[in-house]
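See below for coords05.cif, which holds mmCIF, C-alpha atoms and all ligand atoms.
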data_final
#
loop_
_atom_site.label_atom_id
_atom_site.label_comp_id
_atom_site.auth_asym_id
_atom_site.auth_seq_id
_atom_site.Cartn_x
_atom_site.Cartn_y
_atom_site.Cartn_z
CA MET A 1 -116.94 -124.13 -43.48
CA ILE A 2 -119.30 -123.31 -46.33
CA VAL A 3 -120.33 -126.10 -48.67
CA VAL A 4 -122.42 -125.33 -51.74
CA GLU A 5 -123.96 -128.36 -53.44
CA ASP A 6 -125.47 -128.33 -56.93
CA LEU A 7 -126.87 -124.84 -56.52
CA HIS A 8 -129.25 -123.43 -59.10
CA ARG A 9 -130.74 -119.99 -59.42
CA HIS A 10 -132.80 -119.41 -62.52
CA PHE A 11 -134.45 -116.21 -63.68
CA GLY A 12 -137.35 -117.34 -65.81
CA GLY A 13 -135.72 -119.80 -68.17
CA PHE A 14 -132.26 -118.29 -67.71
CA ARG A 15 -129.82 -120.27 -65.58
CA ALA A 16 -127.69 -117.63 -63.87
CA VAL A 17 -126.35 -120.24 -61.45
CA ASP A 18 -126.53 -123.64 -63.06
CA GLY A 19 -125.45 -126.41 -60.74
CA ALA A 20 -122.54 -124.79 -58.91
CA SER A 21 -120.75 -126.84 -56.25
CA LEU A 22 -117.90 -125.46 -54.20
CA GLN A 23 -116.38 -125.29 -50.74
CA ILE A 24 -114.97 -122.42 -48.74
CA ALA A 25 -112.50 -123.71 -46.16
CA THR A 26 -112.35 -122.27 -42.66
CA GLY A 27 -109.56 -119.71 -42.41
CA SER A 28 -109.15 -119.29 -46.16
CA ILE A 29 -109.33 -116.22 -48.33
CA THR A 30 -111.06 -117.84 -51.27
CA GLY A 31 -111.19 -115.93 -54.56
CA LEU A 32 -114.12 -116.14 -56.94
CA ILE A 33 -113.43 -115.00 -60.49
CA GLY A 34 -115.01 -115.40 -63.89
CA PRO A 35 -116.20 -113.40 -66.88
CA ASN A 36 -119.01 -110.87 -66.54
CA GLY A 37 -122.35 -112.63 -66.32
CA ALA A 38 -120.79 -115.86 -64.98
CA GLY A 39 -123.22 -115.86 -62.05
CA LYS A 40 -120.79 -114.83 -59.30
CA SER A 41 -122.95 -112.12 -57.72
CA THR A 42 -126.05 -114.29 -58.01
CA LEU A 43 -124.21 -117.11 -56.24
CA PHE A 44 -123.19 -114.70 -53.45
CA ASN A 45 -126.73 -113.43 -53.13
CA VAL A 46 -128.10 -116.95 -52.79
CA ILE A 47 -125.50 -117.96 -50.19
CA ALA A 48 -126.11 -114.75 -48.24
CA GLY A 49 -129.89 -115.17 -48.25
CA VAL A 50 -130.61 -112.19 -50.48
CA LEU A 51 -132.07 -114.44 -53.21
CA PRO A 52 -133.74 -117.82 -52.67
CA PRO A 53 -132.17 -120.67 -54.65
CA THR A 54 -134.13 -122.49 -57.33
CA SER A 55 -132.60 -125.70 -55.97
CA GLY A 56 -129.50 -126.97 -54.24
CA ARG A 57 -128.06 -126.76 -50.76
CA VAL A 58 -125.77 -124.54 -48.72
CA THR A 59 -124.34 -125.65 -45.38
CA MET A 60 -122.24 -123.81 -42.83
CA ASP A 61 -120.21 -126.01 -40.46
CA GLY A 62 -122.51 -128.89 -41.35
CA GLU A 63 -125.73 -126.99 -40.67
CA ASP A 64 -128.19 -126.48 -43.51
CA ILE A 65 -128.49 -122.72 -44.06
CA THR A 66 -130.17 -122.84 -47.49
CA GLY A 67 -132.59 -119.99 -47.95
CA LEU A 68 -132.13 -118.45 -44.49
CA ALA A 69 -132.79 -114.71 -44.37
CA PRO A 70 -129.84 -112.31 -44.28
CA HIS A 71 -130.50 -111.36 -40.63
CA GLU A 72 -130.48 -115.03 -39.59
CA LEU A 73 -127.17 -115.57 -41.38
CA PHE A 74 -125.87 -112.35 -39.85
CA HIS A 75 -126.45 -113.86 -36.39
CA LYS A 76 -124.51 -116.94 -37.44
CA GLY A 77 -121.59 -114.75 -38.48
CA LEU A 78 -122.12 -115.00 -42.24
CA LEU A 79 -122.00 -111.52 -43.75
CA ARG A 80 -122.18 -110.11 -47.21
CA THR A 81 -121.08 -106.50 -47.44
CA PHE A 82 -123.58 -103.98 -48.76
CA GLN A 83 -123.11 -100.57 -50.20
CA ILE A 84 -123.81 -97.76 -47.76
CA ALA A 85 -127.53 -97.18 -48.22
CA HIS A 86 -128.49 -93.76 -49.49
CA GLU A 87 -130.33 -92.82 -46.29
CA PHE A 88 -127.13 -93.28 -44.28
CA SER A 89 -124.91 -91.14 -46.45
CA SER A 90 -125.67 -88.04 -44.40
CA MET A 91 -124.56 -89.79 -41.23
CA THR A 92 -120.93 -89.86 -40.21
CA VAL A 93 -118.61 -92.79 -40.74
CA ARG A 94 -118.59 -93.50 -36.99
CA GLU A 95 -122.39 -93.40 -36.81
CA ASN A 96 -122.62 -95.81 -39.73
CA LEU A 97 -120.46 -98.27 -37.82
CA MET A 98 -122.34 -97.78 -34.57
CA MET A 99 -125.64 -98.84 -36.02
CA VAL A 100 -124.44 -102.16 -37.41
CA PRO A 101 -124.73 -104.54 -34.42
CA ALA A 102 -128.54 -104.47 -34.48
CA GLY A 103 -128.72 -105.90 -37.96
CA GLN A 104 -127.92 -104.93 -41.46
CA THR A 105 -131.06 -103.77 -43.10
CA GLY A 106 -133.78 -101.15 -43.10
CA GLU A 107 -136.20 -101.20 -40.24
CA THR A 108 -134.07 -103.02 -37.72
CA LEU A 109 -131.43 -100.37 -38.14
CA TRP A 110 -133.87 -97.56 -37.57
CA ASN A 111 -135.30 -99.28 -34.49
CA ALA A 112 -131.79 -99.67 -33.18
CA TRP A 113 -131.10 -96.05 -33.89
CA PHE A 114 -134.00 -94.87 -31.73
CA ARG A 115 -133.51 -97.47 -29.04
CA ARG A 116 -129.87 -96.67 -28.69
CA ALA A 117 -130.62 -93.03 -27.96
CA ALA A 118 -132.07 -94.24 -24.66
CA ILE A 119 -129.17 -96.46 -23.72
CA ARG A 120 -126.14 -94.31 -23.09
CA ALA A 121 -123.83 -97.01 -21.79
CA GLU A 122 -124.43 -99.13 -24.82
CA GLU A 123 -123.74 -96.13 -26.98
CA ALA A 124 -120.40 -95.48 -25.32
CA ALA A 125 -119.37 -99.09 -25.84
CA LEU A 126 -120.43 -98.96 -29.46
CA ARG A 127 -118.54 -95.75 -29.97
CA ALA A 128 -115.36 -97.23 -28.51
CA LYS A 129 -115.78 -100.29 -30.73
CA ALA A 130 -116.33 -98.12 -33.81
CA ASP A 131 -113.18 -96.11 -33.03
CA GLU A 132 -111.19 -99.32 -32.62
CA VAL A 133 -112.44 -100.48 -36.04
CA LEU A 134 -111.51 -97.15 -37.64
CA ASP A 135 -108.06 -97.39 -36.10
CA PHE A 136 -107.62 -100.95 -37.40
CA LEU A 137 -108.55 -99.79 -40.91
CA THR A 138 -106.29 -96.73 -40.63
CA ILE A 139 -109.19 -94.34 -41.32
CA SER A 140 -109.58 -92.73 -37.90
CA HIS A 141 -109.27 -89.34 -39.58
CA LEU A 142 -112.58 -90.02 -41.37
CA ALA A 143 -114.62 -90.74 -38.21
CA ASP A 144 -116.64 -87.52 -38.36
CA GLU A 145 -116.85 -87.33 -42.14
CA LYS A 146 -120.28 -87.86 -43.72
CA ALA A 147 -120.34 -91.31 -45.33
CA GLY A 148 -121.66 -89.76 -48.53
CA ASN A 149 -118.46 -87.72 -48.91
CA LEU A 150 -116.14 -90.75 -48.96
CA SER A 151 -114.33 -91.87 -52.09
CA GLY A 152 -115.25 -95.25 -53.59
CA GLY A 153 -112.33 -96.97 -51.89
CA GLN A 154 -113.02 -95.35 -48.53
CA LYS A 155 -116.61 -96.58 -48.77
CA LYS A 156 -115.32 -100.11 -49.37
CA LEU A 157 -113.20 -99.81 -46.22
CA LEU A 158 -116.27 -98.66 -44.30
CA GLU A 159 -118.23 -101.63 -45.65
CA LEU A 160 -115.45 -103.92 -44.44
CA GLY A 161 -115.45 -102.05 -41.13
CA ARG A 162 -119.11 -102.82 -40.64
CA THR A 163 -118.31 -106.55 -40.58
CA MET A 164 -115.94 -105.84 -37.68
CA MET A 165 -118.71 -104.43 -35.50
CA VAL A 166 -120.17 -107.92 -35.02
CA GLU A 167 -118.78 -111.41 -34.52
CA ALA A 168 -118.24 -112.18 -38.19
CA LYS A 169 -116.93 -115.60 -39.17
CA VAL A 170 -117.20 -115.60 -42.93
CA VAL A 171 -117.46 -112.49 -45.06
CA PHE A 172 -118.46 -112.27 -48.73
CA LEU A 173 -117.01 -109.33 -50.66
CA ASP A 174 -118.34 -108.56 -54.14
CA GLU A 175 -115.92 -106.58 -56.30
CA VAL A 176 -114.03 -104.92 -53.46
CA GLY A 177 -111.69 -103.26 -55.93
CA ALA A 178 -114.20 -101.82 -58.39
CA GLY A 179 -113.38 -98.15 -58.99
CA VAL A 180 -110.79 -98.10 -56.21
CA ASN A 181 -107.34 -96.58 -56.70
CA ARG A 182 -104.24 -98.72 -56.25
CA THR A 183 -103.20 -97.28 -52.88
CA LEU A 184 -106.61 -97.82 -51.32
CA LEU A 185 -106.88 -101.25 -52.93
CA ASN A 186 -103.67 -102.17 -51.12
CA THR A 187 -105.09 -100.81 -47.86
CA ILE A 188 -108.22 -102.91 -48.37
CA GLY A 189 -106.08 -105.96 -49.20
CA ASP A 190 -103.98 -105.44 -46.06
CA ALA A 191 -107.12 -105.12 -43.94
CA ILE A 192 -108.49 -108.37 -45.38
CA VAL A 193 -105.23 -110.22 -44.69
CA ARG A 194 -105.03 -108.86 -41.14
CA LEU A 195 -108.67 -109.74 -40.40
CA ASN A 196 -107.93 -113.22 -41.72
CA LYS A 197 -104.69 -113.72 -39.77
CA GLU A 198 -105.43 -111.83 -36.55
CA ARG A 199 -109.17 -112.33 -36.16
CA GLY A 200 -109.70 -115.62 -37.95
CA TYR A 201 -112.09 -114.30 -40.56
CA THR A 202 -112.79 -116.53 -43.53
CA PHE A 203 -113.31 -114.58 -46.76
CA CYS A 204 -114.78 -115.22 -50.15
CA VAL A 205 -113.81 -112.42 -52.51
CA ILE A 206 -115.08 -111.60 -56.00
CA GLU A 207 -112.62 -109.37 -57.80
CA HIS A 208 -111.49 -108.74 -61.38
CA ASP A 209 -108.00 -107.45 -60.50
CA MET A 210 -105.85 -110.57 -60.84
CA ASP A 211 -102.87 -109.01 -59.02
CA PHE A 212 -105.14 -108.49 -56.04
CA ILE A 213 -106.58 -112.03 -56.30
CA GLY A 214 -103.11 -113.53 -56.77
CA ARG A 215 -101.70 -111.72 -53.75
CA LEU A 216 -104.57 -112.54 -51.39
CA CYS A 217 -106.45 -115.61 -52.44
CA ASP A 218 -105.85 -119.31 -52.16
CA PRO A 219 -107.67 -121.15 -53.55
CA VAL A 220 -109.23 -119.33 -56.47
CA ILE A 221 -112.51 -120.66 -57.86
CA VAL A 222 -113.42 -119.87 -61.47
CA MET A 223 -117.04 -119.63 -62.55
CA ALA A 224 -118.39 -119.48 -66.09
CA THR A 225 -121.98 -119.78 -67.34
CA GLY A 226 -123.31 -120.53 -63.87
CA LYS A 227 -120.95 -123.41 -63.15
CA VAL A 228 -117.61 -123.89 -61.42
CA LEU A 229 -115.05 -124.30 -64.15
CA ALA A 230 -111.85 -124.75 -62.18
CA GLN A 231 -110.29 -124.33 -58.78
CA GLY A 232 -106.72 -124.05 -57.55
CA SER A 233 -103.94 -121.60 -56.78
CA ALA A 234 -103.99 -118.33 -58.75
CA ALA A 235 -100.92 -119.41 -60.75
CA HIS A 236 -102.47 -122.78 -61.53
CA ILE A 237 -105.78 -121.18 -62.59
CA MET A 238 -104.12 -118.78 -65.00
CA GLU A 239 -102.56 -121.66 -66.91
CA ASN A 240 -105.82 -123.59 -67.16
CA GLU A 241 -106.95 -123.75 -70.79
CA ALA A 242 -110.66 -123.94 -70.04
CA VAL A 243 -110.28 -120.79 -67.93
CA ILE A 244 -108.39 -118.92 -70.63
CA GLU A 245 -111.02 -119.96 -73.16
CA ALA A 246 -113.87 -118.81 -70.90
CA TYR A 247 -112.31 -115.36 -70.64
CA LEU A 248 -111.45 -115.06 -74.32
CA GLY A 249 -114.96 -116.19 -75.25
CA THR A 250 -116.54 -113.05 -73.81
P1 LIG B 301 -121.48 -111.82 -62.45
O1 LIG B 301 -121.56 -111.28 -61.07
O2 LIG B 301 -120.62 -113.05 -62.56
O3 LIG B 301 -121.06 -110.80 -63.46
P2 LIG B 301 -124.34 -112.07 -62.21
O4 LIG B 301 -124.55 -113.08 -61.14
O5 LIG B 301 -124.52 -110.67 -61.84
O6 LIG B 301 -122.93 -112.32 -62.90
O7 LIG B 301 -125.33 -112.37 -63.41
C1 LIG B 301 -125.38 -113.65 -64.05
C2 LIG B 301 -126.42 -113.60 -65.11
O8 LIG B 301 -127.72 -113.57 -64.52
C3 LIG B 301 -126.33 -112.38 -66.03
O9 LIG B 301 -126.58 -112.78 -67.36
C4 LIG B 301 -127.41 -111.48 -65.52
O10 LIG B 301 -127.93 -110.70 -66.56
C5 LIG B 301 -128.44 -112.47 -65.00
N1 LIG B 301 -129.20 -111.91 -63.88
C6 LIG B 301 -128.69 -111.51 -62.70
N2 LIG B 301 -129.66 -111.06 -61.88
C7 LIG B 301 -130.82 -111.16 -62.58
C8 LIG B 301 -132.19 -110.85 -62.30
N3 LIG B 301 -132.55 -110.34 -61.12
N4 LIG B 301 -133.10 -111.09 -63.27
C9 LIG B 301 -132.73 -111.61 -64.45
N5 LIG B 301 -131.48 -111.94 -64.78
C10 LIG B 301 -130.53 -111.71 -63.87
MG MG B 302 -121.18 -109.45 -60.26
#
Now that the file is in, can you turn its structure into structure tokens?
Ligand code: ADP
Ligand code: MG
Amino acid sequence: MIVVEDLHRHFGGFRAVDGASLQIATGSITGLIGPNGAGKSTLFNVIAGVLPPTSGRVTMDGEDITGLAPHELFHKGLLRTFQIAHEFSSMTVRENLMMVPAGQTGETLWNAWFRRAAIRAEEAALRAKADEVLDFLTISHLADEKAGNLSGGQKKLLELGRTMMVEAKVVFLDEVGAGVNRTLLNTIGDAIVRLNKERGYTFCVIEHDMDFIGRLCDPVIVMATGKVLAQGSAAHIMENEAVIEAYLGT
């Protein structure tokens, strides 16, 4: 589905992504691991249009999507989750979900917010959709909670929920488990698996917790110093000497 060819992203003379090539197969939950500073987040940001590449190519179902803006990728069903922006933390969880379909960033969201006040029917449909998403994620009880009051893990679930408000095809998750307790991490993992199995979402997941990666992801891609070092099943990866060396070297 997603093919990345010889991708580079340099910052000044520093090669954060240094000729990475990889593929994300339709229907997979692909893991992306690697030591801190390996270039994982930078790679995600280039694929998702947040950062322009220095060189290289990204295609989605054969179509060149290199350097497209996040909102253009959003319309193609390619989503990268974002932290709940500060200005939305005083809105409820349900309201945060309801404003997603217009786009993911800044001004578009605010436009949608004002426009939607005038369109009651649309609002009712959005509300029903948001409630369905909350039910799917087993967080219906948080619908009227202010987003800013959620725990780290609950926020991650809300971020995942926002991808369900639109027709997502492939979703990029950066460190879903960071600062999340084990119970919520399992809930997030279950939601990812169900979205994959029941709704056909393809995922690419960056995560440090190898239990989580091992349980969810196949294949797992390992990055180090801006390049892809290895790829395979989680078990296979953990026996790879170059991978072990890359981790021990940091
Ligand atoms: P990872 O997510 O694998 O930990 P990152 O992609 O965040 O790695 O970072 C890779 C390298 O690129 C790091 O050394 C980081 O300091 C550097 N880097 C990331 N973003 C920038 C930036 N905007 N400007 C300069 N250097 C950056
Ligand atoms: Mg990172």
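Going from atom CA of A:Ile188 to atom P1 of ligand LIG 301 (chain B) covers 21.3 Å.
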In terms of the shortest atom-to-atom distance over all atoms listed in the file, which of A:Ile206, A:Val171, A:Ile47, A:Val4 is closest to ligand MG 302 (chain B)? A:Ile206
For each of A:Ala124, A:Leu51, A:Met60, A:Leu97, take the minimum atom-to-atom distance to ligand LIG 301 (chain B), counting all atoms listed in the file, then give the residue where this is smallest. A:Leu51
Give the residue list for ligand LIG 301 (chain B) at 7 Å, counting all atoms listed in the file, as a PyMOL selection string, sorted by chain and then by residue number. chain A and resi 11+16+34-43
Determine the nearest neighbour of ligand MG 302 (chain B) from the options A:Asn45, A:Ala69, A:Met238, A:Ala246, counting only C-alpha atoms and all ligand atoms. A:Asn45
Selected residue, from A:Val170, A:Val193, A:Val205, A:Ile84, that lies nearest to A:Ser151 when counting all atoms listed in the file: A:Ile84
Figure out the distance between atom CA of A:Gly12 and atom CA of A:Thr81, please, to one decimal in Å.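 We find that atom CA of A:Thr81 and atom CA of A:Gly12 lie 26.8 Å from each other.
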Given all atoms listed in the file as the counted atoms, nearest of A:Ile24, A:Ala234, A:Ala130, A:Val58 to A:Val220: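 When distances to A:Val220 are compared using all atoms listed in the file, the smallest one comes from A:Ala234.
Here the question is which of A:Leu126, A:Leu248, A:Leu137, A:Ala20 gets nearest to A:His8 using all atoms listed in the file, and that residue is A:Ala20.
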Atom CA of A:Leu68 to atom CA of A:Gly49, distance in Å rounded to a single decimal: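 Separation of atom CA of A:Leu68 and atom CA of A:Gly49: 5.5 Å.
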Stretch 70-73 of chain A, all listed atoms, 8 Å padding on each side: what axis-aligned box centre and edge lengths in Å to one decimal come out, as lines of an AutoDock Vina configuration file?
center_x = -128.8
center_y = -113.5
center_z = -41.9
size_x = 19.3
size_y = 20.2
size_z = 20.7
List the neighbours of A:Ala168 out to 12 Å using only C-alpha atoms; skip same-chain residues closer than 2 positions along the sequence, and give me the result as a JSON list (two decimals) with C-alpha atoms, in the frame of the given file.
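Output contents, as saved in around22.json:
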[["chain", "number", "residue", "atom", "x", "y", "z"],
["A", 73, "LEU", "CA", -127.17, -115.57, -41.38],
["A", 74, "PHE", "CA", -125.87, -112.35, -39.85],
["A", 75, "HIS", "CA", -126.45, -113.86, -36.39],
["A", 76, "LYS", "CA", -124.51, -116.94, -37.44],
["A", 77, "GLY", "CA", -121.59, -114.75, -38.48],
["A", 78, "LEU", "CA", -122.12, -115.00, -42.24],
["A", 79, "LEU", "CA", -122.00, -111.52, -43.75],
["A", 80, "ARG", "CA", -122.18, -110.11, -47.21],
["A", 81, "THR", "CA", -121.08, -106.50, -47.44],
["A", 100, "VAL", "CA", -124.44, -102.16, -37.41],
["A", 101, "PRO", "CA", -124.73, -104.54, -34.42],
["A", 160, "LEU", "CA", -115.45, -103.92, -44.44],
["A", 161, "GLY", "CA", -115.45, -102.05, -41.13],
["A", 162, "ARG", "CA", -119.11, -102.82, -40.64],
["A", 163, "THR", "CA", -118.31, -106.55, -40.58],
["A", 164, "MET", "CA", -115.94, -105.84, -37.68],
["A", 165, "MET", "CA", -118.71, -104.43, -35.50],
["A", 166, "VAL", "CA", -120.17, -107.92, -35.02],
["A", 170, "VAL", "CA", -117.20, -115.60, -42.93],
["A", 171, "VAL", "CA", -117.46, -112.49, -45.06],
["A", 172, "PHE", "CA", -118.46, -112.27, -48.73],
["A", 195, "LEU", "CA", -108.67, -109.74, -40.40],
["A", 196, "ASN", "CA", -107.93, -113.22, -41.72],
["A", 199, "ARG", "CA", -109.17, -112.33, -36.16],
["A", 200, "GLY", "CA", -109.70, -115.62, -37.95],
["A", 201, "TYR", "CA", -112.09, -114.30, -40.56],
["A", 202, "THR", "CA", -112.79, -116.53, -43.53],
["A", 203, "PHE", "CA", -113.31, -114.58, -46.76]]
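Within the 9 Å cut-off around A:Arg57, using all atoms listed in the file and omitting residues fewer than 4 positions from it on the same chain, the listed residues are Val3, Val4, Glu5, Asp6, Leu7, Pro53, Asp64, Ile65, Thr66 and Gly67 of chain A.
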Taking C-alpha atoms for each residue, export the selection above as an mmCIF file, keeping the file's coordinate frame.
data_model
loop_
_atom_site.group_PDB
_atom_site.id
_atom_site.type_symbol
_atom_site.label_atom_id
_atom_site.label_comp_id
_atom_site.auth_asym_id
_atom_site.auth_seq_id
_atom_site.Cartn_x
_atom_site.Cartn_y
_atom_site.Cartn_z
ATOM 1 C CA VAL A 3 -120.330 -126.100 -48.670
ATOM 2 C CA VAL A 4 -122.420 -125.330 -51.740
ATOM 3 C CA GLU A 5 -123.960 -128.360 -53.440
ATOM 4 C CA ASP A 6 -125.470 -128.330 -56.930
ATOM 5 C CA LEU A 7 -126.870 -124.840 -56.520
ATOM 6 C CA PRO A 53 -132.170 -120.670 -54.650
ATOM 7 C CA ASP A 64 -128.190 -126.480 -43.510
ATOM 8 C CA ILE A 65 -128.490 -122.720 -44.060
ATOM 9 C CA THR A 66 -130.170 -122.840 -47.490
ATOM 10 C CA GLY A 67 -132.590 -119.990 -47.950
#
Could you pull the residues within 9 Å of A:Thr138, counting only C-alpha atoms, minus those fewer than 4 positions along the same chain, as a PyMOL selection string? chain A and resi 133-134+187
As an mmCIF file, in the coordinates of the input, please: stretch 167-190 of chain A completed to N, CA and C atoms.
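The result, written out as selection28.cif:
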data_model
loop_
_atom_site.group_PDB
_atom_site.id
_atom_site.type_symbol
_atom_site.label_atom_id
_atom_site.label_comp_id
_atom_site.auth_asym_id
_atom_site.auth_seq_id
_atom_site.Cartn_x
_atom_site.Cartn_y
_atom_site.Cartn_z
ATOM 1 N N GLU A 167 -119.630 -110.229 -34.534
ATOM 2 C CA GLU A 167 -118.780 -111.410 -34.520
ATOM 3 C C GLU A 167 -118.859 -112.108 -35.875
ATOM 4 N N ALA A 168 -118.193 -111.571 -36.859
ATOM 5 C CA ALA A 168 -118.240 -112.180 -38.190
ATOM 6 C C ALA A 168 -117.321 -113.402 -38.233
ATOM 7 N N LYS A 169 -117.771 -114.416 -38.956
ATOM 8 C CA LYS A 169 -116.930 -115.600 -39.170
ATOM 9 C C LYS A 169 -116.523 -115.674 -40.634
ATOM 10 N N VAL A 170 -117.502 -115.510 -41.503
ATOM 11 C CA VAL A 170 -117.200 -115.600 -42.930
ATOM 12 C C VAL A 170 -117.848 -114.409 -43.634
ATOM 13 N N VAL A 171 -117.031 -113.730 -44.435
ATOM 14 C CA VAL A 171 -117.460 -112.490 -45.060
ATOM 15 C C VAL A 171 -117.347 -112.607 -46.581
ATOM 16 N N PHE A 172 -118.423 -112.234 -47.262
ATOM 17 C CA PHE A 172 -118.460 -112.270 -48.730
ATOM 18 C C PHE A 172 -118.309 -110.857 -49.273
ATOM 19 N N LEU A 173 -117.300 -110.656 -50.102
ATOM 20 C CA LEU A 173 -117.010 -109.330 -50.660
ATOM 21 C C LEU A 173 -117.176 -109.372 -52.174
ATOM 22 N N ASP A 174 -118.098 -108.583 -52.686
ATOM 23 C CA ASP A 174 -118.340 -108.560 -54.140
ATOM 24 C C ASP A 174 -117.656 -107.358 -54.762
ATOM 25 N N GLU A 175 -116.661 -107.623 -55.586
ATOM 26 C CA GLU A 175 -115.920 -106.580 -56.300
ATOM 27 C C GLU A 175 -115.431 -105.469 -55.380
ATOM 28 N N VAL A 176 -114.612 -105.874 -54.410
ATOM 29 C CA VAL A 176 -114.030 -104.920 -53.460
ATOM 30 C C VAL A 176 -113.233 -103.837 -54.165
ATOM 31 N N GLY A 177 -112.629 -104.185 -55.293
ATOM 32 C CA GLY A 177 -111.690 -103.260 -55.930
ATOM 33 C C GLY A 177 -112.304 -102.369 -56.987
ATOM 34 N N ALA A 178 -113.588 -102.555 -57.274
ATOM 35 C CA ALA A 178 -114.200 -101.820 -58.390
ATOM 36 C C ALA A 178 -114.122 -100.307 -58.154
ATOM 37 N N GLY A 179 -113.468 -99.600 -59.070
ATOM 38 C CA GLY A 179 -113.380 -98.150 -58.990
ATOM 39 C C GLY A 179 -112.512 -97.633 -57.851
ATOM 40 N N VAL A 180 -111.629 -98.482 -57.344
ATOM 41 C CA VAL A 180 -110.790 -98.100 -56.210
ATOM 42 C C VAL A 180 -109.356 -97.889 -56.686
ATOM 43 N N ASN A 181 -108.723 -96.804 -56.264
ATOM 44 C CA ASN A 181 -107.340 -96.580 -56.700
ATOM 45 C C ASN A 181 -106.377 -97.570 -56.051
ATOM 46 N N ARG A 182 -105.202 -97.696 -56.635
ATOM 47 C CA ARG A 182 -104.240 -98.720 -56.250
ATOM 48 C C ARG A 182 -103.845 -98.653 -54.763
ATOM 49 N N THR A 183 -103.621 -97.442 -54.280
ATOM 50 C CA THR A 183 -103.200 -97.280 -52.880
ATOM 51 C C THR A 183 -104.284 -97.786 -51.933
ATOM 52 N N LEU A 184 -105.524 -97.381 -52.197
ATOM 53 C CA LEU A 184 -106.610 -97.820 -51.320
ATOM 54 C C LEU A 184 -106.880 -99.315 -51.485
ATOM 55 N N LEU A 185 -106.691 -99.813 -52.701
ATOM 56 C CA LEU A 185 -106.880 -101.250 -52.930
ATOM 57 C C LEU A 185 -105.891 -102.041 -52.070
ATOM 58 N N ASN A 186 -104.665 -101.524 -51.984
ATOM 59 C CA ASN A 186 -103.670 -102.170 -51.120
ATOM 60 C C ASN A 186 -104.079 -102.106 -49.660
ATOM 61 N N THR A 187 -104.623 -100.956 -49.242
ATOM 62 C CA THR A 187 -105.090 -100.810 -47.860
ATOM 63 C C THR A 187 -106.202 -101.819 -47.568
ATOM 64 N N ILE A 188 -107.121 -101.957 -48.527
ATOM 65 C CA ILE A 188 -108.220 -102.910 -48.370
ATOM 66 C C ILE A 188 -107.667 -104.343 -48.299
ATOM 67 N N GLY A 189 -106.717 -104.634 -49.196
ATOM 68 C CA GLY A 189 -106.080 -105.960 -49.200
ATOM 69 C C GLY A 189 -105.395 -106.251 -47.869
ATOM 70 N N ASP A 190 -104.661 -105.262 -47.350
ATOM 71 C CA ASP A 190 -103.980 -105.440 -46.060
ATOM 72 C C ASP A 190 -104.979 -105.698 -44.945
#
